[in-house]
>>> print(open('entry_14.tsv').read())   # TSV, N, CA and C atoms
chain	number	residue	atom	x	y	z
A	1	MET	N	-1.59	22.75	-26.77
A	1	MET	CA	-2.07	22.95	-25.42
A	1	MET	C	-3.59	22.85	-25.41
A	2	LYS	N	-4.09	22.22	-24.36
A	2	LYS	CA	-5.53	22.05	-24.19
A	2	LYS	C	-5.97	22.82	-22.95
A	3	LYS	N	-7.20	23.30	-23.00
A	3	LYS	CA	-7.77	23.98	-21.84
A	3	LYS	C	-8.60	22.97	-21.05
A	4	ILE	N	-8.40	22.98	-19.73
A	4	ILE	CA	-9.24	22.15	-18.87
A	4	ILE	C	-9.83	23.03	-17.78
A	5	ASN	N	-10.97	22.59	-17.27
A	5	ASN	CA	-11.65	23.30	-16.20
A	5	ASN	C	-11.36	22.56	-14.90
A	6	LEU	N	-10.66	23.21	-14.00
A	6	LEU	CA	-10.30	22.58	-12.73
A	6	LEU	C	-11.52	22.30	-11.86
A	7	ARG	N	-12.59	23.01	-12.09
A	7	ARG	CA	-13.81	22.76	-11.31
A	7	ARG	C	-14.36	21.37	-11.60
A	8	GLU	N	-14.18	20.89	-12.85
A	8	GLU	CA	-14.64	19.55	-13.20
A	8	GLU	C	-13.79	18.48	-12.55
A	9	LEU	N	-12.49	18.73	-12.40
A	9	LEU	CA	-11.60	17.76	-11.79
A	9	LEU	C	-11.65	17.80	-10.27
A	10	TYR	N	-11.80	18.99	-9.70
A	10	TYR	CA	-11.79	19.17	-8.25
A	10	TYR	C	-13.00	19.98	-7.81
A	11	PRO	N	-14.20	19.39	-7.88
A	11	PRO	CA	-15.40	20.17	-7.56
A	11	PRO	C	-15.48	20.60	-6.10
A	12	ASP	N	-14.82	19.89	-5.22
A	12	ASP	CA	-14.86	20.28	-3.81
A	12	ASP	C	-13.93	21.45	-3.50
A	13	VAL	N	-12.95	21.70	-4.35
A	13	VAL	CA	-12.00	22.78	-4.13
A	13	VAL	C	-12.39	24.03	-4.92
A	14	TYR	N	-12.75	23.85	-6.20
A	14	TYR	CA	-13.08	24.97	-7.07
A	14	TYR	C	-14.60	25.06	-7.20
A	15	THR	N	-15.16	26.15	-6.71
A	15	THR	CA	-16.61	26.33	-6.80
A	15	THR	C	-17.01	27.09	-8.06
A	16	THR	N	-16.05	27.75	-8.69
A	16	THR	CA	-16.32	28.46	-9.94
A	16	THR	C	-15.39	27.91	-11.02
A	17	ASP	N	-15.72	28.20	-12.25
A	17	ASP	CA	-14.89	27.74	-13.36
A	17	ASP	C	-13.50	28.35	-13.27
A	18	PHE	N	-12.50	27.49	-13.48
A	18	PHE	CA	-11.11	27.95	-13.47
A	18	PHE	C	-10.39	27.19	-14.56
A	19	PHE	N	-10.10	27.84	-15.67
A	19	PHE	CA	-9.50	27.20	-16.83
A	19	PHE	C	-7.99	27.39	-16.83
A	20	ILE	N	-7.29	26.30	-17.19
A	20	ILE	CA	-5.84	26.39	-17.36
A	20	ILE	C	-5.45	25.62	-18.62
A	21	ASP	N	-4.30	25.97	-19.16
A	21	ASP	CA	-3.77	25.26	-20.32
A	21	ASP	C	-2.82	24.17	-19.83
A	22	VAL	N	-2.97	22.97	-20.41
A	22	VAL	CA	-2.10	21.85	-20.07
A	22	VAL	C	-1.56	21.24	-21.35
A	23	THR	N	-0.45	20.54	-21.23
A	23	THR	CA	0.13	19.89	-22.40
A	23	THR	C	-0.68	18.65	-22.77
A	24	GLU	N	-0.38	18.11	-23.92
A	24	GLU	CA	-1.06	16.89	-24.38
A	24	GLU	C	-0.76	15.73	-23.44
A	25	GLU	N	0.46	15.65	-22.92
A	25	GLU	CA	0.83	14.57	-22.02
A	25	GLU	C	0.00	14.60	-20.75
A	26	VAL	N	-0.18	15.78	-20.19
A	26	VAL	CA	-0.99	15.92	-18.98
A	26	VAL	C	-2.44	15.57	-19.28
A	27	MET	N	-2.92	16.01	-20.41
A	27	MET	CA	-4.30	15.72	-20.81
A	27	MET	C	-4.50	14.22	-20.96
A	28	GLU	N	-3.53	13.54	-21.56
A	28	GLU	CA	-3.64	12.09	-21.75
A	28	GLU	C	-3.60	11.37	-20.39
A	29	THR	N	-2.79	11.85	-19.48
A	29	THR	CA	-2.74	11.27	-18.13
A	29	THR	C	-4.08	11.42	-17.43
A	30	ILE	N	-4.70	12.56	-17.57
A	30	ILE	CA	-6.02	12.78	-16.97
A	30	ILE	C	-7.04	11.83	-17.59
A	31	ARG	N	-7.00	11.67	-18.91
A	31	ARG	CA	-7.93	10.76	-19.59
A	31	ARG	C	-7.74	9.32	-19.13
A	32	VAL	N	-6.48	8.90	-19.00
A	32	VAL	CA	-6.20	7.53	-18.54
A	32	VAL	C	-6.76	7.32	-17.14
A	33	ALA	N	-6.56	8.29	-16.27
A	33	ALA	CA	-7.07	8.18	-14.90
A	33	ALA	C	-8.60	8.13	-14.89
A	34	GLU	N	-9.23	8.94	-15.71
A	34	GLU	CA	-10.70	8.93	-15.79
A	34	GLU	C	-11.22	7.60	-16.31
A	35	ARG	N	-10.54	7.04	-17.31
A	35	ARG	CA	-10.95	5.73	-17.83
A	35	ARG	C	-10.77	4.64	-16.79
A	36	ALA	N	-9.68	4.68	-16.05
A	36	ALA	CA	-9.44	3.68	-15.00
A	36	ALA	C	-10.50	3.78	-13.91
A	37	GLU	N	-10.87	4.99	-13.54
A	37	GLU	CA	-11.90	5.18	-12.52
A	37	GLU	C	-13.26	4.69	-13.03
A	38	ALA	N	-13.57	4.96	-14.28
A	38	ALA	CA	-14.84	4.50	-14.85
A	38	ALA	C	-14.87	2.97	-14.92
A	39	THR	N	-13.75	2.36	-15.27
A	39	THR	CA	-13.68	0.89	-15.31
A	39	THR	C	-13.88	0.31	-13.93
A	40	TYR	N	-13.27	0.90	-12.95
A	40	TYR	CA	-13.40	0.45	-11.57
A	40	TYR	C	-14.86	0.53	-11.11
A	41	GLU	N	-15.51	1.65	-11.36
A	41	GLU	CA	-16.90	1.81	-10.95
A	41	GLU	C	-17.82	0.86	-11.71
A	42	ARG	N	-17.52	0.61	-12.99
A	42	ARG	CA	-18.32	-0.32	-13.78
A	42	ARG	C	-18.20	-1.74	-13.21
A	43	LYS	N	-17.00	-2.13	-12.81
A	43	LYS	CA	-16.80	-3.45	-12.21
A	43	LYS	C	-17.57	-3.57	-10.91
A	44	MET	N	-17.52	-2.53	-10.11
A	44	MET	CA	-18.25	-2.56	-8.84
A	44	MET	C	-19.75	-2.73	-9.09
A	45	TYR	N	-20.27	-2.04	-10.09
A	45	TYR	CA	-21.69	-2.13	-10.39
A	45	TYR	C	-22.04	-3.52	-10.92
A	46	ARG	N	-21.26	-4.02	-11.87
A	46	ARG	CA	-21.57	-5.31	-12.49
A	46	ARG	C	-21.50	-6.47	-11.52
A	47	TYR	N	-20.49	-6.47	-10.65
A	47	TYR	CA	-20.34	-7.58	-9.72
A	47	TYR	C	-21.07	-7.35	-8.40
A	48	LYS	N	-21.75	-6.23	-8.31
A	48	LYS	CA	-22.52	-5.89	-7.12
A	48	LYS	C	-21.68	-6.03	-5.86
A	49	ALA	N	-20.44	-5.58	-5.96
A	49	ALA	CA	-19.49	-5.70	-4.85
A	49	ALA	C	-19.89	-4.85	-3.66
A	50	GLN	N	-20.71	-3.83	-3.90
A	50	GLN	CA	-21.08	-2.99	-2.79
A	50	GLN	C	-22.12	-3.65	-1.88
A	51	TYR	N	-22.69	-4.78	-2.29
A	51	TYR	CA	-23.72	-5.43	-1.49
A	51	TYR	C	-23.20	-6.55	-0.61
A	52	SER	N	-22.17	-7.26	-1.02
A	52	SER	CA	-21.71	-8.40	-0.26
A	52	SER	C	-20.19	-8.46	-0.25
A	53	LEU	N	-19.63	-8.49	0.96
A	53	LEU	CA	-18.19	-8.61	1.06
A	53	LEU	C	-17.78	-9.90	1.76
A	54	ASP	N	-18.71	-10.79	1.99
A	54	ASP	CA	-18.37	-12.02	2.70
A	54	ASP	C	-18.61	-13.26	1.86
A	55	CYS	N	-18.48	-13.15	0.58
A	55	CYS	CA	-18.71	-14.28	-0.31
A	55	CYS	C	-17.50	-15.21	-0.37
A	56	GLU	N	-16.29	-14.68	-0.09
A	56	GLU	CA	-15.07	-15.48	-0.04
A	56	GLU	C	-14.65	-16.08	-1.38
A	57	ASN	N	-15.14	-15.62	-2.50
A	57	ASN	CA	-14.72	-16.21	-3.76
A	57	ASN	C	-13.75	-15.32	-4.52
A	58	GLY	N	-13.35	-14.21	-3.94
A	58	GLY	CA	-12.33	-13.38	-4.55
A	58	GLY	C	-12.86	-12.30	-5.48
A	59	ILE	N	-14.12	-12.38	-5.88
A	59	ILE	CA	-14.66	-11.38	-6.81
A	59	ILE	C	-14.65	-10.00	-6.15
A	60	GLU	N	-15.10	-9.94	-4.91
A	60	GLU	CA	-15.15	-8.64	-4.24
A	60	GLU	C	-13.76	-8.04	-4.11
A	61	ASN	N	-12.80	-8.84	-3.70
A	61	ASN	CA	-11.44	-8.32	-3.54
A	61	ASN	C	-10.88	-7.86	-4.87
A	62	ALA	N	-11.12	-8.61	-5.93
A	62	ALA	CA	-10.60	-8.23	-7.24
A	62	ALA	C	-11.21	-6.93	-7.72
A	63	VAL	N	-12.47	-6.70	-7.36
A	63	VAL	CA	-13.15	-5.50	-7.81
A	63	VAL	C	-12.80	-4.31	-6.92
A	64	LEU	N	-12.77	-4.52	-5.63
A	64	LEU	CA	-12.56	-3.41	-4.71
A	64	LEU	C	-11.12	-2.93	-4.66
A	65	LEU	N	-10.18	-3.82	-4.86
A	65	LEU	CA	-8.78	-3.43	-4.83
A	65	LEU	C	-8.37	-2.94	-6.21
A	66	LYS	N	-8.04	-1.68	-6.28
A	66	LYS	CA	-7.63	-1.12	-7.56
A	66	LYS	C	-6.28	-1.72	-7.93
A	67	PRO	N	-6.06	-1.98	-9.20
A	67	PRO	CA	-4.76	-2.52	-9.61
A	67	PRO	C	-3.66	-1.49	-9.34
A	68	GLN	N	-2.53	-1.99	-8.88
A	68	GLN	CA	-1.42	-1.09	-8.58
A	68	GLN	C	-0.72	-0.66	-9.87
A	69	THR	N	-0.34	0.58	-9.88
A	69	THR	CA	0.42	1.09	-11.01
A	69	THR	C	1.87	0.64	-10.87
A	70	PRO	N	2.63	0.65	-11.95
A	70	PRO	CA	4.05	0.28	-11.84
A	70	PRO	C	4.80	1.14	-10.82
A	71	GLU	N	4.43	2.41	-10.72
A	71	GLU	CA	5.08	3.29	-9.76
A	71	GLU	C	4.80	2.83	-8.33
A	72	MET	N	3.56	2.43	-8.07
A	72	MET	CA	3.20	1.95	-6.73
A	72	MET	C	3.96	0.67	-6.39
A	73	VAL	N	4.09	-0.23	-7.36
A	73	VAL	CA	4.81	-1.48	-7.14
A	73	VAL	C	6.28	-1.19	-6.83
A	74	LEU	N	6.87	-0.28	-7.60
A	74	LEU	CA	8.27	0.08	-7.40
A	74	LEU	C	8.48	0.71	-6.02
A	75	GLU	N	7.60	1.63	-5.64
A	75	GLU	CA	7.73	2.28	-4.34
A	75	GLU	C	7.60	1.27	-3.21
A	76	GLU	N	6.67	0.33	-3.34
A	76	GLU	CA	6.49	-0.68	-2.31
A	76	GLU	C	7.72	-1.58	-2.21
A	77	LYS	N	8.29	-1.95	-3.35
A	77	LYS	CA	9.49	-2.79	-3.35
A	77	LYS	C	10.66	-2.05	-2.70
A	78	GLN	N	10.83	-0.78	-3.03
A	78	GLN	CA	11.91	0.00	-2.43
A	78	GLN	C	11.72	0.13	-0.93
A	79	PHE	N	10.49	0.34	-0.50
A	79	PHE	CA	10.21	0.44	0.93
A	79	PHE	C	10.53	-0.87	1.64
A	80	GLN	N	10.15	-2.00	1.05
A	80	GLN	CA	10.44	-3.30	1.63
A	80	GLN	C	11.94	-3.52	1.73
A	81	GLU	N	12.69	-3.09	0.72
A	81	GLU	CA	14.15	-3.20	0.76
A	81	GLU	C	14.73	-2.34	1.87
A	82	GLN	N	14.18	-1.15	2.07
A	82	GLN	CA	14.65	-0.28	3.14
A	82	GLN	C	14.37	-0.90	4.51
A	83	VAL	N	13.20	-1.47	4.67
A	83	VAL	CA	12.85	-2.11	5.94
A	83	VAL	C	13.77	-3.29	6.19
A	84	TYR	N	14.01	-4.11	5.17
A	84	TYR	CA	14.88	-5.27	5.32
A	84	TYR	C	16.29	-4.82	5.70
A	85	ALA	N	16.80	-3.78	5.04
A	85	ALA	CA	18.14	-3.27	5.36
A	85	ALA	C	18.20	-2.76	6.79
A	86	ALA	N	17.14	-2.08	7.25
A	86	ALA	CA	17.10	-1.59	8.62
A	86	ALA	C	17.07	-2.74	9.61
A	87	VAL	N	16.31	-3.80	9.29
A	87	VAL	CA	16.26	-4.98	10.18
A	87	VAL	C	17.65	-5.60	10.28
A	88	MET	N	18.36	-5.67	9.18
A	88	MET	CA	19.68	-6.30	9.19
A	88	MET	C	20.73	-5.45	9.90
A	89	LYS	N	20.44	-4.17	10.17
A	89	LYS	CA	21.37	-3.33	10.92
A	89	LYS	C	21.19	-3.50	12.43
A	90	LEU	N	20.13	-4.18	12.85
A	90	LEU	CA	19.90	-4.42	14.27
A	90	LEU	C	20.93	-5.42	14.80
A	91	PRO	N	21.06	-5.52	16.13
A	91	PRO	CA	21.91	-6.58	16.67
A	91	PRO	C	21.46	-7.95	16.15
A	92	GLU	N	22.41	-8.87	16.07
A	92	GLU	CA	22.18	-10.15	15.39
A	92	GLU	C	20.96	-10.90	15.91
A	93	LYS	N	20.83	-11.03	17.24
A	93	LYS	CA	19.69	-11.78	17.80
A	93	LYS	C	18.36	-11.12	17.44
A	94	GLN	N	18.30	-9.81	17.60
A	94	GLN	CA	17.06	-9.11	17.28
A	94	GLN	C	16.72	-9.25	15.80
A	95	ALA	N	17.72	-9.12	14.95
A	95	ALA	CA	17.48	-9.23	13.51
A	95	ALA	C	16.97	-10.62	13.16
A	96	LYS	N	17.59	-11.65	13.72
A	96	LYS	CA	17.14	-13.02	13.44
A	96	LYS	C	15.73	-13.25	13.93
A	97	ARG	N	15.43	-12.76	15.12
A	97	ARG	CA	14.09	-12.97	15.69
A	97	ARG	C	13.02	-12.21	14.91
A	98	ILE	N	13.31	-10.98	14.54
A	98	ILE	CA	12.34	-10.21	13.76
A	98	ILE	C	12.16	-10.83	12.38
A	99	TYR	N	13.25	-11.27	11.79
A	99	TYR	CA	13.16	-11.93	10.48
A	99	TYR	C	12.31	-13.19	10.57
A	100	ALA	N	12.55	-14.00	11.60
A	100	ALA	CA	11.78	-15.23	11.76
A	100	ALA	C	10.31	-14.92	12.01
A	101	ARG	N	10.04	-13.89	12.81
A	101	ARG	CA	8.65	-13.57	13.17
A	101	ARG	C	7.87	-12.98	12.00
A	102	TYR	N	8.44	-12.00	11.32
A	102	TYR	CA	7.67	-11.27	10.32
A	102	TYR	C	7.93	-11.69	8.88
A	103	TYR	N	9.09	-12.22	8.59
A	103	TYR	CA	9.37	-12.65	7.23
A	103	TYR	C	9.06	-14.13	7.02
A	104	LEU	N	9.38	-14.93	8.03
A	104	LEU	CA	9.13	-16.37	7.92
A	104	LEU	C	7.78	-16.77	8.51
A	105	GLY	N	7.15	-15.88	9.27
A	105	GLY	CA	5.82	-16.14	9.82
A	105	GLY	C	5.82	-17.07	11.02
A	106	MET	N	6.94	-17.23	11.68
A	106	MET	CA	6.99	-18.09	12.87
A	106	MET	C	6.37	-17.37	14.06
A	107	THR	N	5.81	-18.14	14.98
A	107	THR	CA	5.27	-17.55	16.20
A	107	THR	C	6.40	-17.35	17.20
A	108	VAL	N	6.13	-16.56	18.23
A	108	VAL	CA	7.13	-16.32	19.27
A	108	VAL	C	7.50	-17.64	19.95
A	109	ASN	N	6.51	-18.49	20.20
A	109	ASN	CA	6.78	-19.78	20.85
A	109	ASN	C	7.66	-20.67	19.97
A	110	GLU	N	7.43	-20.67	18.67
A	110	GLU	CA	8.25	-21.47	17.76
A	110	GLU	C	9.70	-20.97	17.75
A	111	ILE	N	9.88	-19.66	17.73
A	111	ILE	CA	11.22	-19.09	17.74
A	111	ILE	C	11.93	-19.47	19.04
A	112	ALA	N	11.20	-19.34	20.17
A	112	ALA	CA	11.79	-19.67	21.47
A	112	ALA	C	12.16	-21.14	21.54
A	113	GLU	N	11.33	-21.99	20.98
A	113	GLU	CA	11.61	-23.43	20.99
A	113	GLU	C	12.86	-23.75	20.17
A	114	VAL	N	12.98	-23.13	18.99
A	114	VAL	CA	14.14	-23.37	18.13
A	114	VAL	C	15.42	-22.89	18.82
A	115	GLU	N	15.35	-21.73	19.48
A	115	GLU	CA	16.53	-21.17	20.14
A	115	GLU	C	16.77	-21.76	21.52
A	116	GLY	N	15.78	-22.43	22.07
A	116	GLY	CA	15.92	-23.01	23.40
A	116	GLY	C	15.90	-21.99	24.52
A	117	VAL	N	15.09	-20.92	24.34
A	117	VAL	CA	14.99	-19.88	25.37
A	117	VAL	C	13.53	-19.69	25.73
A	118	ASP	N	13.31	-18.89	26.76
A	118	ASP	CA	11.96	-18.58	27.22
A	118	ASP	C	11.26	-17.66	26.20
A	119	PRO	N	9.98	-17.89	25.91
A	119	PRO	CA	9.27	-17.03	24.95
A	119	PRO	C	9.26	-15.55	25.34
A	120	SER	N	9.28	-15.25	26.64
A	120	SER	CA	9.27	-13.84	27.06
A	120	SER	C	10.55	-13.13	26.61
A	121	ARG	N	11.68	-13.84	26.57
A	121	ARG	CA	12.93	-13.24	26.09
A	121	ARG	C	12.82	-12.90	24.61
A	122	VAL	N	12.22	-13.80	23.84
A	122	VAL	CA	12.04	-13.55	22.40
A	122	VAL	C	11.10	-12.38	22.20
A	123	ARG	N	10.01	-12.37	22.95
A	123	ARG	CA	9.01	-11.30	22.83
A	123	ARG	C	9.64	-9.94	23.15
A	124	ASP	N	10.42	-9.89	24.23
A	124	ASP	CA	11.08	-8.63	24.62
A	124	ASP	C	12.11	-8.20	23.58
A	125	SER	N	12.84	-9.16	23.06
A	125	SER	CA	13.85	-8.85	22.05
A	125	SER	C	13.20	-8.28	20.79
A	126	ILE	N	12.11	-8.88	20.37
A	126	ILE	CA	11.39	-8.38	19.19
A	126	ILE	C	10.85	-6.99	19.46
A	127	ARG	N	10.29	-6.78	20.63
A	127	ARG	CA	9.73	-5.47	20.98
A	127	ARG	C	10.82	-4.39	20.96
A	128	ARG	N	12.00	-4.69	21.53
A	128	ARG	CA	13.10	-3.73	21.52
A	128	ARG	C	13.57	-3.46	20.09
A	129	GLY	N	13.64	-4.51	19.28
A	129	GLY	CA	14.04	-4.33	17.89
A	129	GLY	C	13.07	-3.47	17.12
A	130	LEU	N	11.78	-3.66	17.35
A	130	LEU	CA	10.77	-2.85	16.66
A	130	LEU	C	10.85	-1.38	17.09
A	131	LYS	N	11.17	-1.15	18.37
A	131	LYS	CA	11.34	0.23	18.83
A	131	LYS	C	12.52	0.89	18.12
A	132	GLN	N	13.61	0.13	17.92
A	132	GLN	CA	14.75	0.68	17.20
A	132	GLN	C	14.40	0.93	15.73
A	133	LEU	N	13.61	0.05	15.15
A	133	LEU	CA	13.20	0.24	13.75
A	133	LEU	C	12.32	1.49	13.61
A	134	ALA	N	11.55	1.78	14.63
A	134	ALA	CA	10.66	2.95	14.57
A	134	ALA	C	11.48	4.22	14.44
A	135	LYS	N	12.71	4.22	14.92
A	135	LYS	CA	13.57	5.41	14.80
A	135	LYS	C	13.95	5.65	13.34
A	136	TYR	N	14.07	4.59	12.55
A	136	TYR	CA	14.42	4.72	11.13
A	136	TYR	C	13.26	5.28	10.33
A	137	PHE	N	12.05	4.95	10.73
A	137	PHE	CA	10.89	5.33	9.94
A	137	PHE	C	10.04	6.24	10.76
>>> encode(input="entry_14.tsv", output="C-alpha cells")
Amino acid sequence: MKKINLRELYPDVYTTDFFIDVTEEVMETIRVAERAEATYERKMYRYKAQYSLDCENGIENAVLLKPQTPEMVLEEKQFQEQVYAAVMKLPEKQAKRIYARYYLGMTVNEIAEVEGVDPSRVRDSIRRGLKQLAKYF
C-alpha cells in the first residue's frame, strides 16, 4: 500500500493535507494518468497549438484532442448501437428517413426527391421521429 496526498490530486477540493492508503494498481493508474497529461501539455507547448487554431493542417486537432481510451471507444460504440436500435424501432418511414439523413448524410431535398414526396413531409417525419427518439434518451 502506498500513501498519497489528496490535496496534490485535487487542490481545489482539499485545502489541507489528506493522506490515504491506496493499492499499487490505483497508484499505477494515477501515474499513467499523470504521464498522459504531461505528454498532452508537452505536445501543446511544442506545437504551439494554443496560438493558432486555423492552420488547417491537422496538427492542432491532433494535439488538442486527447486520444480516446479503449473504455471511451467501447462506450461510444455501445451508445451508437443503442441509438441505431432505437432508430430501427421507429415506424418504417421515419426510420428510413432518419437513417438516410443522419447515417447516409443525405439532405432532406434528396430524400424527398428519391421518395417522390414534398420535402416538408420528409422534414416533419424526421422531426417526429427525433421527438420519439428523445424519449429513449
>>> atom_distance(input="entry_14.tsv", atom1="CA of Met44 (chain A)", atom2="CA of Glu75 (chain A)")
26.8 Å
>>> axis_aligned_box(input="entry_14.tsv", around="region 91-108 of chain A", padding_each_side="5 Å", output="lines of an AutoDock Vina configuration file")
center_x = 13.8
center_y = -11.8
center_z = 13.5
size_x = 27.1
size_y = 22.6
size_z = 22.9
>>> residues_around(input="entry_14.tsv", residues="region 84-98 of chain A", least_positions_apart="3", cutoff="7 Å", atoms="all atoms listed in the file", output="compact mmCIF listing (two decimals) with N, CA and C atoms, keeping the file's coordinate frame")
# COMPACT_ATOMS: atom_id res chain seq x y z
N PHE A 79 10.49 0.34 -0.50
CA PHE A 79 10.21 0.44 0.93
C PHE A 79 10.53 -0.87 1.64
N GLN A 80 10.15 -2.00 1.05
CA GLN A 80 10.44 -3.30 1.63
C GLN A 80 11.94 -3.52 1.73
N GLU A 81 12.69 -3.09 0.72
CA GLU A 81 14.15 -3.20 0.76
C GLU A 81 14.73 -2.34 1.87
N ARG A 101 10.04 -13.89 12.81
CA ARG A 101 8.65 -13.57 13.17
C ARG A 101 7.87 -12.98 12.00
N TYR A 102 8.44 -12.00 11.32
CA TYR A 102 7.67 -11.27 10.32
C TYR A 102 7.93 -11.69 8.88
N TYR A 103 9.09 -12.22 8.59
CA TYR A 103 9.37 -12.65 7.23
C TYR A 103 9.06 -14.13 7.02
N LEU A 104 9.38 -14.93 8.03
CA LEU A 104 9.13 -16.37 7.92
C LEU A 104 7.78 -16.77 8.51
N SER A 125 12.84 -9.16 23.06
CA SER A 125 13.85 -8.85 22.05
C SER A 125 13.20 -8.28 20.79
N ILE A 126 12.11 -8.88 20.37
CA ILE A 126 11.39 -8.38 19.19
C ILE A 126 10.85 -6.99 19.46
N GLY A 129 13.64 -4.51 19.28
CA GLY A 129 14.04 -4.33 17.89
C GLY A 129 13.07 -3.47 17.12
N LEU A 133 13.61 0.05 15.15
CA LEU A 133 13.20 0.24 13.75
C LEU A 133 12.32 1.49 13.61
>>> atom_distance(input="entry_14.tsv", atom1="CA of Glu34 (chain A)", atom2="CA of Ile20 (chain A)")
18.2 Å
>>> select_by_dssp(input="entry_14.tsv", residues="region 15-44 of chain A", states="strand (DSSP E)", output="JSON, numbers by chain")
{"A": [19, 20, 21, 22]}
>>> decode(input="entry_14.tsv", residues="region 3-19 of chain A", atoms="N, CA, C and O atoms", output="compact mmCIF listing (two decimals), in the first residue's frame")
# COMPACT_ATOMS: atom_id res chain seq x y z
N LYS A 3 0.95 5.59 0.27
CA LYS A 3 0.23 6.76 0.78
C LYS A 3 0.25 7.85 -0.29
O LYS A 3 1.28 8.13 -0.88
N ILE A 4 -0.92 8.45 -0.52
CA ILE A 4 -0.98 9.59 -1.42
C ILE A 4 -1.67 10.74 -0.71
O ILE A 4 -2.47 10.53 0.20
N ASN A 5 -1.35 11.94 -1.15
CA ASN A 5 -1.93 13.14 -0.59
C ASN A 5 -3.02 13.62 -1.56
O ASN A 5 -2.72 14.01 -2.69
N LEU A 6 -4.25 13.60 -1.12
CA LEU A 6 -5.35 14.01 -1.98
C LEU A 6 -5.30 15.49 -2.32
O LEU A 6 -5.84 15.91 -3.34
N ARG A 7 -4.63 16.27 -1.51
CA ARG A 7 -4.51 17.70 -1.81
C ARG A 7 -3.71 17.92 -3.09
O ARG A 7 -3.99 18.84 -3.85
N GLU A 8 -2.74 17.03 -3.36
CA GLU A 8 -1.95 17.15 -4.58
C GLU A 8 -2.77 16.78 -5.81
O GLU A 8 -2.59 17.34 -6.88
N LEU A 9 -3.68 15.82 -5.67
CA LEU A 9 -4.50 15.40 -6.79
C LEU A 9 -5.70 16.32 -7.01
O LEU A 9 -6.11 16.56 -8.14
N TYR A 10 -6.28 16.82 -5.92
CA TYR A 10 -7.47 17.66 -6.00
C TYR A 10 -7.27 18.93 -5.19
O TYR A 10 -7.88 19.13 -4.15
N PRO A 11 -6.43 19.84 -5.68
CA PRO A 11 -6.13 21.04 -4.89
C PRO A 11 -7.34 21.97 -4.72
O PRO A 11 -7.40 22.73 -3.75
N ASP A 12 -8.29 21.90 -5.60
CA ASP A 12 -9.46 22.77 -5.46
C ASP A 12 -10.46 22.24 -4.43
O ASP A 12 -11.27 22.99 -3.90
N VAL A 13 -10.38 20.95 -4.10
CA VAL A 13 -11.30 20.36 -3.13
C VAL A 13 -10.66 20.28 -1.75
O VAL A 13 -11.29 20.64 -0.76
N TYR A 14 -9.40 19.82 -1.68
CA TYR A 14 -8.71 19.65 -0.42
C TYR A 14 -7.75 20.81 -0.20
O TYR A 14 -6.79 20.99 -0.94
N THR A 15 -8.01 21.60 0.82
CA THR A 15 -7.15 22.74 1.12
C THR A 15 -6.04 22.38 2.11
O THR A 15 -5.08 23.11 2.24
N THR A 16 -6.21 21.25 2.80
CA THR A 16 -5.18 20.79 3.73
C THR A 16 -4.75 19.39 3.31
O THR A 16 -5.43 18.72 2.52
N ASP A 17 -3.63 18.96 3.83
CA ASP A 17 -3.14 17.63 3.51
C ASP A 17 -4.12 16.57 4.00
O ASP A 17 -4.62 16.64 5.13
N PHE A 18 -4.37 15.59 3.12
CA PHE A 18 -5.26 14.49 3.48
C PHE A 18 -4.67 13.23 2.87
O PHE A 18 -4.73 13.04 1.65
N PHE A 19 -4.06 12.39 3.68
CA PHE A 19 -3.36 11.20 3.21
C PHE A 19 -4.26 9.98 3.29
O PHE A 19 -4.99 9.80 4.27
